[in-house]
$ cat work.txt   # compact mmCIF, N, CA and C atoms and all ligand atoms
# COMPACT_ATOMS: atom_id res chain seq x y z
N MET K 1 69.49 -106.40 -218.88
CA MET K 1 70.80 -107.06 -218.78
C MET K 1 70.79 -108.37 -219.58
N ASN K 2 71.85 -108.60 -220.29
CA ASN K 2 71.96 -109.80 -221.11
C ASN K 2 72.48 -110.97 -220.27
N LYS K 3 71.55 -111.82 -219.84
CA LYS K 3 71.94 -112.90 -218.94
C LYS K 3 72.36 -114.16 -219.70
N LEU K 4 72.44 -114.07 -221.01
CA LEU K 4 72.82 -115.22 -221.82
C LEU K 4 74.11 -115.83 -221.31
N LYS K 5 74.00 -117.08 -220.94
CA LYS K 5 75.20 -117.80 -220.46
C LYS K 5 76.06 -118.23 -221.64
N ILE K 6 77.34 -117.98 -221.53
CA ILE K 6 78.23 -118.33 -222.63
C ILE K 6 79.20 -119.43 -222.23
N SER K 7 79.22 -119.75 -220.94
CA SER K 7 79.99 -120.88 -220.45
C SER K 7 79.43 -121.21 -219.07
N LYS K 8 80.00 -122.19 -218.42
CA LYS K 8 79.48 -122.63 -217.12
C LYS K 8 79.36 -121.47 -216.12
N ASN K 9 80.34 -120.57 -216.10
CA ASN K 9 80.36 -119.52 -215.08
C ASN K 9 80.28 -118.09 -215.60
N PHE K 10 80.21 -117.91 -216.92
CA PHE K 10 80.20 -116.54 -217.44
C PHE K 10 78.94 -116.24 -218.26
N SER K 11 78.50 -114.97 -218.14
CA SER K 11 77.36 -114.49 -218.93
C SER K 11 77.85 -113.41 -219.89
N LEU K 12 77.13 -113.27 -220.97
CA LEU K 12 77.59 -112.33 -222.01
C LEU K 12 77.71 -110.89 -221.51
N HIS K 13 76.78 -110.49 -220.63
CA HIS K 13 76.79 -109.09 -220.18
C HIS K 13 78.09 -108.69 -219.48
N GLU K 14 78.80 -109.67 -218.93
CA GLU K 14 80.05 -109.36 -218.24
C GLU K 14 81.11 -108.82 -219.19
N PHE K 15 80.92 -109.07 -220.48
CA PHE K 15 81.91 -108.67 -221.48
C PHE K 15 81.49 -107.44 -222.28
N GLU K 16 80.32 -106.89 -221.96
CA GLU K 16 79.83 -105.72 -222.70
C GLU K 16 80.70 -104.50 -222.46
N CYS K 17 80.74 -103.64 -223.49
CA CYS K 17 81.48 -102.38 -223.36
C CYS K 17 80.85 -101.52 -222.26
N HIS K 18 81.70 -100.87 -221.47
CA HIS K 18 81.22 -100.06 -220.34
C HIS K 18 80.83 -98.64 -220.75
N ASP K 19 80.44 -98.44 -222.00
CA ASP K 19 80.05 -97.10 -222.43
C ASP K 19 78.53 -96.91 -222.43
N GLY K 20 77.83 -97.92 -221.92
CA GLY K 20 76.38 -97.84 -221.85
C GLY K 20 75.68 -98.37 -223.09
N SER K 21 76.44 -98.75 -224.10
CA SER K 21 75.86 -99.21 -225.37
C SER K 21 75.44 -100.68 -225.34
N HIS K 22 76.01 -101.43 -224.41
CA HIS K 22 75.82 -102.89 -224.31
C HIS K 22 76.38 -103.64 -225.51
N LEU K 23 77.17 -102.98 -226.33
CA LEU K 23 77.80 -103.66 -227.46
C LEU K 23 78.82 -104.67 -226.93
N VAL K 24 78.92 -105.78 -227.65
CA VAL K 24 79.86 -106.80 -227.20
C VAL K 24 80.36 -107.63 -228.38
N LYS K 25 81.63 -107.98 -228.30
CA LYS K 25 82.27 -108.91 -229.22
C LYS K 25 83.04 -109.85 -228.32
N LEU K 26 83.05 -111.13 -228.65
CA LEU K 26 83.76 -112.06 -227.78
C LEU K 26 84.30 -113.22 -228.59
N ASP K 27 85.60 -113.39 -228.53
CA ASP K 27 86.27 -114.49 -229.21
C ASP K 27 86.01 -115.79 -228.44
N GLU K 28 85.67 -116.85 -229.16
CA GLU K 28 85.33 -118.11 -228.47
C GLU K 28 86.52 -118.73 -227.76
N VAL K 29 87.72 -118.49 -228.28
CA VAL K 29 88.91 -119.04 -227.61
C VAL K 29 89.12 -118.34 -226.27
N LEU K 30 88.85 -117.04 -226.23
CA LEU K 30 89.00 -116.29 -224.97
C LEU K 30 88.08 -116.87 -223.90
N ILE K 31 86.84 -117.08 -224.24
CA ILE K 31 85.90 -117.57 -223.22
C ILE K 31 86.24 -119.00 -222.79
N GLU K 32 86.73 -119.82 -223.74
CA GLU K 32 87.17 -121.17 -223.39
C GLU K 32 88.30 -121.13 -222.36
N LYS K 33 89.27 -120.27 -222.62
CA LYS K 33 90.43 -120.19 -221.74
C LYS K 33 90.06 -119.57 -220.39
N LEU K 34 89.19 -118.58 -220.41
CA LEU K 34 88.75 -117.98 -219.14
C LEU K 34 88.00 -119.00 -218.28
N GLN K 35 87.21 -119.84 -218.93
CA GLN K 35 86.49 -120.87 -218.16
C GLN K 35 87.47 -121.89 -217.59
N GLN K 36 88.49 -122.24 -218.38
CA GLN K 36 89.53 -123.15 -217.87
C GLN K 36 90.22 -122.55 -216.64
N LEU K 37 90.49 -121.24 -216.73
CA LEU K 37 91.14 -120.53 -215.63
C LEU K 37 90.21 -120.51 -214.41
N ARG K 38 88.95 -120.23 -214.64
CA ARG K 38 87.94 -120.21 -213.57
C ARG K 38 87.87 -121.57 -212.86
N ASP K 39 87.88 -122.64 -213.65
CA ASP K 39 87.82 -123.99 -213.08
C ASP K 39 89.04 -124.29 -212.23
N LYS K 40 90.19 -123.84 -212.71
CA LYS K 40 91.44 -124.11 -212.01
C LYS K 40 91.55 -123.31 -210.70
N ILE K 41 91.10 -122.05 -210.75
CA ILE K 41 91.16 -121.20 -209.57
C ILE K 41 90.10 -121.61 -208.55
N GLY K 42 88.93 -121.99 -209.06
CA GLY K 42 87.87 -122.43 -208.16
C GLY K 42 87.14 -121.30 -207.45
N LEU K 43 87.32 -120.08 -207.95
CA LEU K 43 86.67 -118.89 -207.37
C LEU K 43 86.17 -118.01 -208.51
N PRO K 44 85.17 -117.15 -208.23
CA PRO K 44 84.67 -116.26 -209.28
C PRO K 44 85.76 -115.32 -209.81
N ILE K 45 85.74 -115.13 -211.12
CA ILE K 45 86.64 -114.18 -211.77
C ILE K 45 85.81 -112.96 -212.14
N THR K 46 86.27 -111.79 -211.72
CA THR K 46 85.59 -110.55 -212.08
C THR K 46 86.16 -110.03 -213.39
N ILE K 47 85.27 -109.75 -214.36
CA ILE K 47 85.69 -109.14 -215.63
C ILE K 47 85.59 -107.63 -215.47
N ASN K 48 86.73 -106.97 -215.28
CA ASN K 48 86.73 -105.52 -215.10
C ASN K 48 86.53 -104.80 -216.42
N SER K 49 87.00 -105.40 -217.50
CA SER K 49 86.86 -104.82 -218.83
C SER K 49 86.95 -105.93 -219.85
N GLY K 50 85.94 -106.03 -220.71
CA GLY K 50 85.96 -107.04 -221.77
C GLY K 50 86.04 -106.34 -223.11
N TYR K 51 84.93 -106.37 -223.85
CA TYR K 51 84.93 -105.68 -225.15
C TYR K 51 84.90 -104.16 -224.97
N ARG K 52 85.63 -103.47 -225.85
CA ARG K 52 85.58 -102.00 -225.89
C ARG K 52 85.37 -101.57 -227.33
N THR K 53 84.44 -100.66 -227.55
CA THR K 53 84.32 -100.06 -228.87
C THR K 53 85.58 -99.22 -229.09
N PRO K 54 85.99 -99.00 -230.34
CA PRO K 54 87.17 -98.16 -230.58
C PRO K 54 87.05 -96.79 -229.91
N GLU K 55 85.85 -96.22 -229.92
CA GLU K 55 85.63 -94.90 -229.30
C GLU K 55 85.87 -94.96 -227.80
N HIS K 56 85.32 -95.99 -227.17
CA HIS K 56 85.48 -96.11 -225.72
C HIS K 56 86.93 -96.41 -225.36
N ASN K 57 87.58 -97.22 -226.18
CA ASN K 57 88.98 -97.54 -225.93
C ASN K 57 89.85 -96.27 -225.95
N THR K 58 89.59 -95.42 -226.92
CA THR K 58 90.32 -94.15 -227.02
C THR K 58 90.04 -93.28 -225.79
N LYS K 59 88.78 -93.23 -225.44
CA LYS K 59 88.34 -92.37 -224.33
C LYS K 59 89.02 -92.74 -223.01
N ILE K 60 89.19 -94.03 -222.76
CA ILE K 60 89.79 -94.44 -221.48
C ILE K 60 91.30 -94.63 -221.59
N GLY K 61 91.87 -94.26 -222.74
CA GLY K 61 93.32 -94.30 -222.89
C GLY K 61 93.88 -95.70 -223.11
N GLY K 62 93.10 -96.56 -223.75
CA GLY K 62 93.59 -97.91 -224.07
C GLY K 62 94.62 -97.86 -225.18
N ALA K 63 95.36 -98.96 -225.32
CA ALA K 63 96.37 -99.04 -226.38
C ALA K 63 95.69 -98.91 -227.75
N PRO K 64 96.34 -98.23 -228.70
CA PRO K 64 95.72 -97.99 -230.03
C PRO K 64 95.29 -99.27 -230.74
N LYS K 65 96.03 -100.37 -230.53
CA LYS K 65 95.66 -101.63 -231.18
C LYS K 65 95.15 -102.64 -230.17
N SER K 66 94.50 -102.13 -229.15
CA SER K 66 94.04 -102.97 -228.04
C SER K 66 93.25 -104.20 -228.49
N GLN K 67 93.58 -105.33 -227.91
CA GLN K 67 92.86 -106.58 -228.17
C GLN K 67 91.42 -106.52 -227.65
N HIS K 68 91.16 -105.57 -226.76
CA HIS K 68 89.79 -105.40 -226.24
C HIS K 68 88.82 -105.02 -227.36
N MET K 69 89.30 -104.32 -228.37
CA MET K 69 88.44 -103.88 -229.48
C MET K 69 88.09 -105.05 -230.41
N LEU K 70 88.79 -106.16 -230.26
CA LEU K 70 88.55 -107.35 -231.08
C LEU K 70 87.74 -108.40 -230.31
N GLY K 71 87.45 -108.11 -229.06
CA GLY K 71 86.77 -109.11 -228.23
C GLY K 71 87.68 -110.25 -227.85
N LYS K 72 88.99 -109.99 -227.88
CA LYS K 72 89.97 -111.04 -227.59
C LYS K 72 90.67 -110.84 -226.25
N ALA K 73 90.22 -109.86 -225.45
CA ALA K 73 90.92 -109.56 -224.20
C ALA K 73 89.96 -109.31 -223.05
N ALA K 74 90.46 -109.59 -221.84
CA ALA K 74 89.71 -109.27 -220.62
C ALA K 74 90.69 -108.86 -219.53
N ASP K 75 90.29 -107.85 -218.76
CA ASP K 75 91.04 -107.47 -217.57
C ASP K 75 90.32 -108.11 -216.40
N ILE K 76 91.04 -108.94 -215.67
CA ILE K 76 90.38 -109.76 -214.66
C ILE K 76 90.98 -109.59 -213.26
N SER K 77 90.17 -109.87 -212.26
CA SER K 77 90.67 -109.93 -210.89
C SER K 77 89.90 -111.01 -210.14
N VAL K 78 90.51 -111.47 -209.07
CA VAL K 78 89.92 -112.51 -208.22
C VAL K 78 90.06 -112.04 -206.78
N ARG K 79 88.96 -112.00 -206.08
CA ARG K 79 88.97 -111.52 -204.70
C ARG K 79 89.94 -112.32 -203.84
N GLY K 80 90.81 -111.60 -203.15
CA GLY K 80 91.77 -112.27 -202.26
C GLY K 80 93.03 -112.74 -202.95
N TRP K 81 93.09 -112.55 -204.25
CA TRP K 81 94.27 -112.97 -205.01
C TRP K 81 95.05 -111.75 -205.51
N THR K 82 96.39 -111.87 -205.50
CA THR K 82 97.21 -110.81 -206.08
C THR K 82 97.26 -111.02 -207.60
N ALA K 83 97.61 -109.93 -208.30
CA ALA K 83 97.76 -110.01 -209.75
C ALA K 83 98.81 -111.06 -210.11
N LYS K 84 99.84 -111.15 -209.30
CA LYS K 84 100.91 -112.12 -209.55
C LYS K 84 100.38 -113.56 -209.48
N GLN K 85 99.58 -113.84 -208.48
CA GLN K 85 99.02 -115.19 -208.32
C GLN K 85 98.12 -115.55 -209.50
N ILE K 86 97.31 -114.60 -209.93
CA ILE K 86 96.42 -114.84 -211.08
C ILE K 86 97.25 -115.10 -212.33
N THR K 87 98.31 -114.30 -212.49
CA THR K 87 99.19 -114.44 -213.66
C THR K 87 99.82 -115.83 -213.72
N GLU K 88 100.30 -116.29 -212.58
CA GLU K 88 100.94 -117.62 -212.53
C GLU K 88 99.97 -118.71 -212.97
N MET K 89 98.72 -118.57 -212.55
CA MET K 89 97.70 -119.54 -212.94
C MET K 89 97.38 -119.39 -214.43
N ALA K 90 97.30 -118.14 -214.90
CA ALA K 90 96.99 -117.88 -216.32
C ALA K 90 98.07 -118.46 -217.22
N GLU K 91 99.31 -118.43 -216.76
CA GLU K 91 100.43 -118.98 -217.55
C GLU K 91 100.27 -120.48 -217.77
N THR K 92 99.66 -121.18 -216.82
CA THR K 92 99.48 -122.62 -216.96
C THR K 92 98.39 -122.94 -217.99
N ILE K 93 97.49 -122.00 -218.23
CA ILE K 93 96.45 -122.17 -219.24
C ILE K 93 97.01 -121.83 -220.62
N GLY K 94 97.81 -120.75 -220.65
CA GLY K 94 98.42 -120.32 -221.90
C GLY K 94 97.57 -119.30 -222.64
N PHE K 95 97.86 -118.03 -222.43
CA PHE K 95 97.23 -116.93 -223.17
C PHE K 95 98.28 -116.29 -224.07
N GLY K 96 97.86 -115.65 -225.16
CA GLY K 96 98.80 -114.97 -226.03
C GLY K 96 99.45 -113.80 -225.31
N GLY K 97 98.62 -112.89 -224.83
CA GLY K 97 99.12 -111.73 -224.09
C GLY K 97 98.72 -111.80 -222.63
N ILE K 98 99.69 -111.49 -221.74
CA ILE K 98 99.38 -111.38 -220.32
C ILE K 98 100.08 -110.13 -219.78
N GLY K 99 99.31 -109.24 -219.21
CA GLY K 99 99.87 -108.02 -218.61
C GLY K 99 99.48 -107.94 -217.15
N ILE K 100 100.50 -107.73 -216.29
CA ILE K 100 100.22 -107.63 -214.84
C ILE K 100 100.16 -106.17 -214.43
N TYR K 101 99.12 -105.79 -213.75
CA TYR K 101 98.98 -104.43 -213.22
C TYR K 101 98.96 -104.53 -211.70
N HIS K 102 100.16 -104.39 -211.12
CA HIS K 102 100.33 -104.62 -209.69
C HIS K 102 99.53 -103.64 -208.83
N LYS K 103 99.68 -102.36 -209.12
CA LYS K 103 99.04 -101.33 -208.29
C LYS K 103 97.52 -101.46 -208.28
N GLN K 104 96.96 -101.61 -209.48
CA GLN K 104 95.50 -101.71 -209.58
C GLN K 104 95.00 -103.13 -209.33
N ASN K 105 95.98 -104.05 -209.17
CA ASN K 105 95.70 -105.45 -208.85
C ASN K 105 94.72 -106.13 -209.82
N PHE K 106 95.05 -106.05 -211.11
CA PHE K 106 94.31 -106.85 -212.08
C PHE K 106 95.27 -107.38 -213.12
N VAL K 107 94.77 -108.33 -213.90
CA VAL K 107 95.59 -108.95 -214.94
C VAL K 107 94.86 -108.86 -216.27
N HIS K 108 95.57 -108.42 -217.29
CA HIS K 108 95.04 -108.41 -218.65
C HIS K 108 95.41 -109.74 -219.30
N VAL K 109 94.43 -110.44 -219.85
CA VAL K 109 94.72 -111.65 -220.62
C VAL K 109 94.08 -111.51 -222.00
N ASP K 110 94.77 -112.01 -223.03
CA ASP K 110 94.18 -111.99 -224.36
C ASP K 110 94.65 -113.19 -225.17
N VAL K 111 94.01 -113.38 -226.32
CA VAL K 111 94.31 -114.57 -227.14
C VAL K 111 94.91 -114.19 -228.49
N ARG K 112 95.76 -113.16 -228.48
CA ARG K 112 96.51 -112.80 -229.70
C ARG K 112 97.42 -113.97 -230.09
N GLU K 113 97.93 -113.92 -231.32
CA GLU K 113 98.73 -115.04 -231.84
C GLU K 113 100.14 -115.09 -231.25
N THR K 114 100.73 -113.93 -231.05
CA THR K 114 102.12 -113.90 -230.58
C THR K 114 102.18 -113.71 -229.07
N LYS K 115 103.13 -114.42 -228.46
CA LYS K 115 103.27 -114.34 -227.01
C LYS K 115 103.82 -112.98 -226.58
N THR K 116 103.10 -112.31 -225.74
CA THR K 116 103.48 -110.97 -225.28
C THR K 116 103.27 -110.87 -223.76
N ARG K 117 104.27 -110.34 -223.08
CA ARG K 117 104.16 -110.21 -221.62
C ARG K 117 104.58 -108.80 -221.21
N TRP K 118 103.89 -108.20 -220.26
CA TRP K 118 104.31 -106.90 -219.73
C TRP K 118 103.84 -106.73 -218.29
N GLU K 119 104.48 -105.80 -217.62
CA GLU K 119 104.17 -105.53 -216.20
C GLU K 119 104.11 -104.04 -215.96
N GLU K 120 103.22 -103.64 -215.09
CA GLU K 120 103.13 -102.22 -214.73
C GLU K 120 103.06 -102.05 -213.22
ZN ZN V 201 93.32 -105.11 -220.95

$ encode --input "work.txt" --output "structure tokens"
Amino acid sequence: MNKLKISKNFSLHEFECHDGSHLVKLDEVLIEKLQQLRDKIGLPITINSGYRTPEHNTKIGGAPKSQHMLGKAADISVRGWTAKQITEMAETIGFGGIGIYHKQNFVHVDVRETKTRWEE
């Protein structure tokens, strides 16, 4: 396991592709903003999905131009928090893309250039 710390509360392995390859790409702005969010929430943030290889992204039905393939996105959750609550906090930090997934109770955040919002 890659225990390399990349910020106060995050390690690189948390962002590895879940295809068993341990491949990872990570945008420095993403990790900066996630750490800001972590500090503001004051609780651990679970990274459900970070980097995805194009092959893995296709396999799990990700968007064709998914920011996950660029290392610019993370699907996150916080124990005891609703997706809506996480989103409201994420908005105060300012991410390019924010997608709320109510049923599965996670939030997609990314650092794309254009502001994009969606809900499922
Ligand atoms: Zn996502």

$ closest_residue --input "work.txt" --among "K:Ile100, K:Ile93, K:Ala63, K:Val107" --to "Asp39 of chain K" --atoms "only C-alpha atoms"
K:Ile93

$ residues_around --input "work.txt" --residues "segment 65-74 of chain K" --least-positions-apart "6" --cutoff "6.5 Å" --atoms "only N, CA and C atoms" --output "short mmCIF file (atom, residue, chain, number, x, y, z; two decimals) with N, CA and C atoms, in the frame of the given file"
data_model
loop_
_atom_site.label_atom_id
_atom_site.label_comp_id
_atom_site.auth_asym_id
_atom_site.auth_seq_id
_atom_site.Cartn_x
_atom_site.Cartn_y
_atom_site.Cartn_z
N LYS K 25 81.63 -107.98 -228.30
CA LYS K 25 82.27 -108.91 -229.22
C LYS K 25 83.04 -109.85 -228.32
N LEU K 26 83.05 -111.13 -228.65
CA LEU K 26 83.76 -112.06 -227.78
C LEU K 26 84.30 -113.22 -228.59
N ASP K 27 85.60 -113.39 -228.53
CA ASP K 27 86.27 -114.49 -229.21
C ASP K 27 86.01 -115.79 -228.44
N LEU K 30 88.85 -117.04 -226.23
CA LEU K 30 89.00 -116.29 -224.97
C LEU K 30 88.08 -116.87 -223.90
N ILE K 47 85.27 -109.75 -214.36
CA ILE K 47 85.69 -109.14 -215.63
C ILE K 47 85.59 -107.63 -215.47
N ASN K 48 86.73 -106.97 -215.28
CA ASN K 48 86.73 -105.52 -215.10
C ASN K 48 86.53 -104.80 -216.42
N SER K 49 87.00 -105.40 -217.50
CA SER K 49 86.86 -104.82 -218.83
C SER K 49 86.95 -105.93 -219.85
N GLY K 50 85.94 -106.03 -220.71
CA GLY K 50 85.96 -107.04 -221.77
C GLY K 50 86.04 -106.34 -223.11
N TYR K 51 84.93 -106.37 -223.85
CA TYR K 51 84.93 -105.68 -225.15
C TYR K 51 84.90 -104.16 -224.97
N ARG K 52 85.63 -103.47 -225.85
CA ARG K 52 85.58 -102.00 -225.89
C ARG K 52 85.37 -101.57 -227.33
N THR K 53 84.44 -100.66 -227.55
CA THR K 53 84.32 -100.06 -228.87
C THR K 53 85.58 -99.22 -229.09
N PRO K 54 85.99 -99.00 -230.34
CA PRO K 54 87.17 -98.16 -230.58
C PRO K 54 87.05 -96.79 -229.91
N VAL K 107 94.77 -108.33 -213.90
CA VAL K 107 95.59 -108.95 -214.94
C VAL K 107 94.86 -108.86 -216.27
N HIS K 108 95.57 -108.42 -217.29
CA HIS K 108 95.04 -108.41 -218.65
C HIS K 108 95.41 -109.74 -219.30
N VAL K 109 94.43 -110.44 -219.85
CA VAL K 109 94.72 -111.65 -220.62
C VAL K 109 94.08 -111.51 -222.00
N ASP K 110 94.77 -112.01 -223.03
CA ASP K 110 94.18 -111.99 -224.36
C ASP K 110 94.65 -113.19 -225.17
N VAL K 111 94.01 -113.38 -226.32
CA VAL K 111 94.31 -114.57 -227.14
C VAL K 111 94.91 -114.19 -228.49
N ARG K 112 95.76 -113.16 -228.48
CA ARG K 112 96.51 -112.80 -229.70
C ARG K 112 97.42 -113.97 -230.09
#

$ atom_distance --input "work.txt" --atom1 "atom N of Thr82 of chain K" --atom2 "atom C of Lys59 of chain K"
27.0 Å

$ closest_residue --input "work.txt" --among "K:Gln104, K:Gly62, K:Thr114, K:Arg79" --to "ligand ZN 201 (chain V)" --atoms "only C-alpha atoms and all ligand atoms"
K:Gly62

$ closest_residue --input "work.txt" --among "K:Trp81, K:Asp75, K:Leu4, K:Ile98" --to "ligand ZN 201 (chain V)" --atoms "all atoms listed in the file"
K:Asp75

$ residues_near_point --input "work.txt" --point "(86.5, -110.4, -211.4)" --cutoff "6 Å" --atoms "only C-alpha atoms" --output "count of residues only"
6

$ residues_near_point --input "work.txt" --point "(101.1, -114.4, -223.3)" --cutoff "6 Å" --atoms "only N, CA and C atoms" --output "PDB file with N, CA and C atoms, in the coordinates of the input"
ATOM      1  N   PHE K  95      97.860-118.030-222.430  1.00  0.00           N
ATOM      2  CA  PHE K  95      97.230-116.930-223.170  1.00  0.00           C
ATOM      3  C   PHE K  95      98.280-116.290-224.070  1.00  0.00           C
ATOM      4  N   GLY K  96      97.860-115.650-225.160  1.00  0.00           N
ATOM      5  CA  GLY K  96      98.800-114.970-226.030  1.00  0.00           C
ATOM      6  C   GLY K  96      99.450-113.800-225.310  1.00  0.00           C
ATOM      7  N   GLY K  97      98.620-112.890-224.830  1.00  0.00           N
ATOM      8  CA  GLY K  97      99.120-111.730-224.090  1.00  0.00           C
ATOM      9  C   GLY K  97      98.720-111.800-222.630  1.00  0.00           C
ATOM     10  N   ILE K  98      99.690-111.490-221.740  1.00  0.00           N
ATOM     11  CA  ILE K  98      99.380-111.380-220.320  1.00  0.00           C
ATOM     12  C   ILE K  98     100.080-110.130-219.780  1.00  0.00           C
ATOM     13  N   THR K 114     100.730-113.930-231.050  1.00  0.00           N
ATOM     14  CA  THR K 114     102.120-113.900-230.580  1.00  0.00           C
ATOM     15  C   THR K 114     102.180-113.710-229.070  1.00  0.00           C
ATOM     16  N   LYS K 115     103.130-114.420-228.460  1.00  0.00           N
ATOM     17  CA  LYS K 115     103.270-114.340-227.010  1.00  0.00           C
ATOM     18  C   LYS K 115     103.820-112.980-226.580  1.00  0.00           C
ATOM     19  N   THR K 116     103.100-112.310-225.740  1.00  0.00           N
ATOM     20  CA  THR K 116     103.480-110.970-225.280  1.00  0.00           C
ATOM     21  C   THR K 116     103.270-110.870-223.760  1.00  0.00           C
ATOM     22  N   ARG K 117     104.270-110.340-223.080  1.00  0.00           N
ATOM     23  CA  ARG K 117     104.160-110.210-221.620  1.00  0.00           C
ATOM     24  C   ARG K 117     104.580-108.800-221.210  1.00  0.00           C
TER      25      ARG K 117
END

$ residues_around --input "work.txt" --residues "Gln35 of chain K" --least-positions-apart "4" --cutoff "8 Å" --atoms "only N, CA and C atoms" --output "PDB file with N, CA and C atoms, keeping the file's coordinate frame"
ATOM      1  N   SER K   7      79.220-119.750-220.940  1.00  0.00           N
ATOM      2  CA  SER K   7      79.990-120.880-220.450  1.00  0.00           C
ATOM      3  C   SER K   7      79.430-121.210-219.070  1.00  0.00           C
ATOM      4  N   LYS K   8      80.000-122.190-218.420  1.00  0.00           N
ATOM      5  CA  LYS K   8      79.480-122.630-217.120  1.00  0.00           C
ATOM      6  C   LYS K   8      79.360-121.470-216.120  1.00  0.00           C
ATOM      7  N   ASN K   9      80.340-120.570-216.100  1.00  0.00           N
ATOM      8  CA  ASN K   9      80.360-119.520-215.080  1.00  0.00           C
ATOM      9  C   ASN K   9      80.280-118.090-215.600  1.00  0.00           C
ATOM     10  N   PHE K  10      80.210-117.910-216.920  1.00  0.00           N
ATOM     11  CA  PHE K  10      80.200-116.540-217.440  1.00  0.00           C
ATOM     12  C   PHE K  10      78.940-116.240-218.260  1.00  0.00           C
ATOM     13  N   VAL K  29      87.720-118.490-228.280  1.00  0.00           N
ATOM     14  CA  VAL K  29      88.910-119.040-227.610  1.00  0.00           C
ATOM     15  C   VAL K  29      89.120-118.340-226.270  1.00  0.00           C
ATOM     16  N   LEU K  30      88.850-117.040-226.230  1.00  0.00           N
ATOM     17  CA  LEU K  30      89.000-116.290-224.970  1.00  0.00           C
ATOM     18  C   LEU K  30      88.080-116.870-223.900  1.00  0.00           C
ATOM     19  N   ILE K  31      86.840-117.080-224.240  1.00  0.00           N
ATOM     20  CA  ILE K  31      85.900-117.570-223.220  1.00  0.00           C
ATOM     21  C   ILE K  31      86.240-119.000-222.790  1.00  0.00           C
ATOM     22  N   ASP K  39      87.880-122.640-213.650  1.00  0.00           N
ATOM     23  CA  ASP K  39      87.820-123.990-213.080  1.00  0.00           C
ATOM     24  C   ASP K  39      89.040-124.290-212.230  1.00  0.00           C
ATOM     25  N   LYS K  40      90.190-123.840-212.710  1.00  0.00           N
ATOM     26  CA  LYS K  40      91.440-124.110-212.010  1.00  0.00           C
ATOM     27  C   LYS K  40      91.550-123.310-210.700  1.00  0.00           C
ATOM     28  N   ILE K  41      91.100-122.050-210.750  1.00  0.00           N
ATOM     29  CA  ILE K  41      91.160-121.200-209.570  1.00  0.00           C
ATOM     30  C   ILE K  41      90.100-121.610-208.550  1.00  0.00           C
TER      31      ILE K  41
END

$ residues_around --input "work.txt" --residues "Ala83 of chain K" --least-positions-apart "6" --cutoff "6 Å" --atoms "only C-alpha atoms" --output "list of chain:residue names"
K:His102, K:Asn105, K:Phe106, K:Val107

$ write_last_selection --input "work.txt" --atoms "N, CA and C atoms" --output "compact mmCIF listing (two decimals), in the coordinates of the input"
# COMPACT_ATOMS: atom_id res chain seq x y z
N HIS K 102 100.16 -104.39 -211.12
CA HIS K 102 100.33 -104.62 -209.69
C HIS K 102 99.53 -103.64 -208.83
N ASN K 105 95.98 -104.05 -209.17
CA ASN K 105 95.70 -105.45 -208.85
C ASN K 105 94.72 -106.13 -209.82
N PHE K 106 95.05 -106.05 -211.11
CA PHE K 106 94.31 -106.85 -212.08
C PHE K 106 95.27 -107.38 -213.12
N VAL K 107 94.77 -108.33 -213.90
CA VAL K 107 95.59 -108.95 -214.94
C VAL K 107 94.86 -108.86 -216.27

$ select_by_dssp --input "work.txt" --residues "segment 8-115 of chain K" --states "strand (DSSP E or B)" --output "list in words"
Ser11, Thr46, Ile47, Asn48, Ser49, Ala73, Ala74, Asp75, Ile76, Ser77, Gly97, Ile98, Gly99, Ile100, Tyr101, Phe106, Val107, His108, Val109 and Asp110 of chain K

$ atom_distance --input "work.txt" --atom1 "atom CA of Ile86 of chain K" --atom2 "atom CA of Gly20 of chain K"
28.4 Å

$ closest_residue --input "work.txt" --among "K:Trp118, K:Lys3, K:Gly99, K:Arg38" --to "ligand ZN 201 (chain V)" --atoms "all atoms listed in the file"
K:Gly99

$ atom_distance --input "work.txt" --atom1 "atom CA of Tyr101 of chain K" --atom2 "atom CA of Gln85 of chain K"
11.8 Å

$ axis_aligned_box --input "work.txt" --around "segment 103-110 of chain K" --padding-each-side "6 Å" --output "JSON"
{"center_x": 96.9, "center_y": -107.3, "center_z": -216.7, "size_x": 17.6, "size_y": 23.9, "size_z": 28.9}

$ select_by_dssp --input "work.txt" --residues "chain K" --states "alpha helix (DSSP H)" --output "PyMOL selection string"
chain K and resi 28-41+54-59+83-93
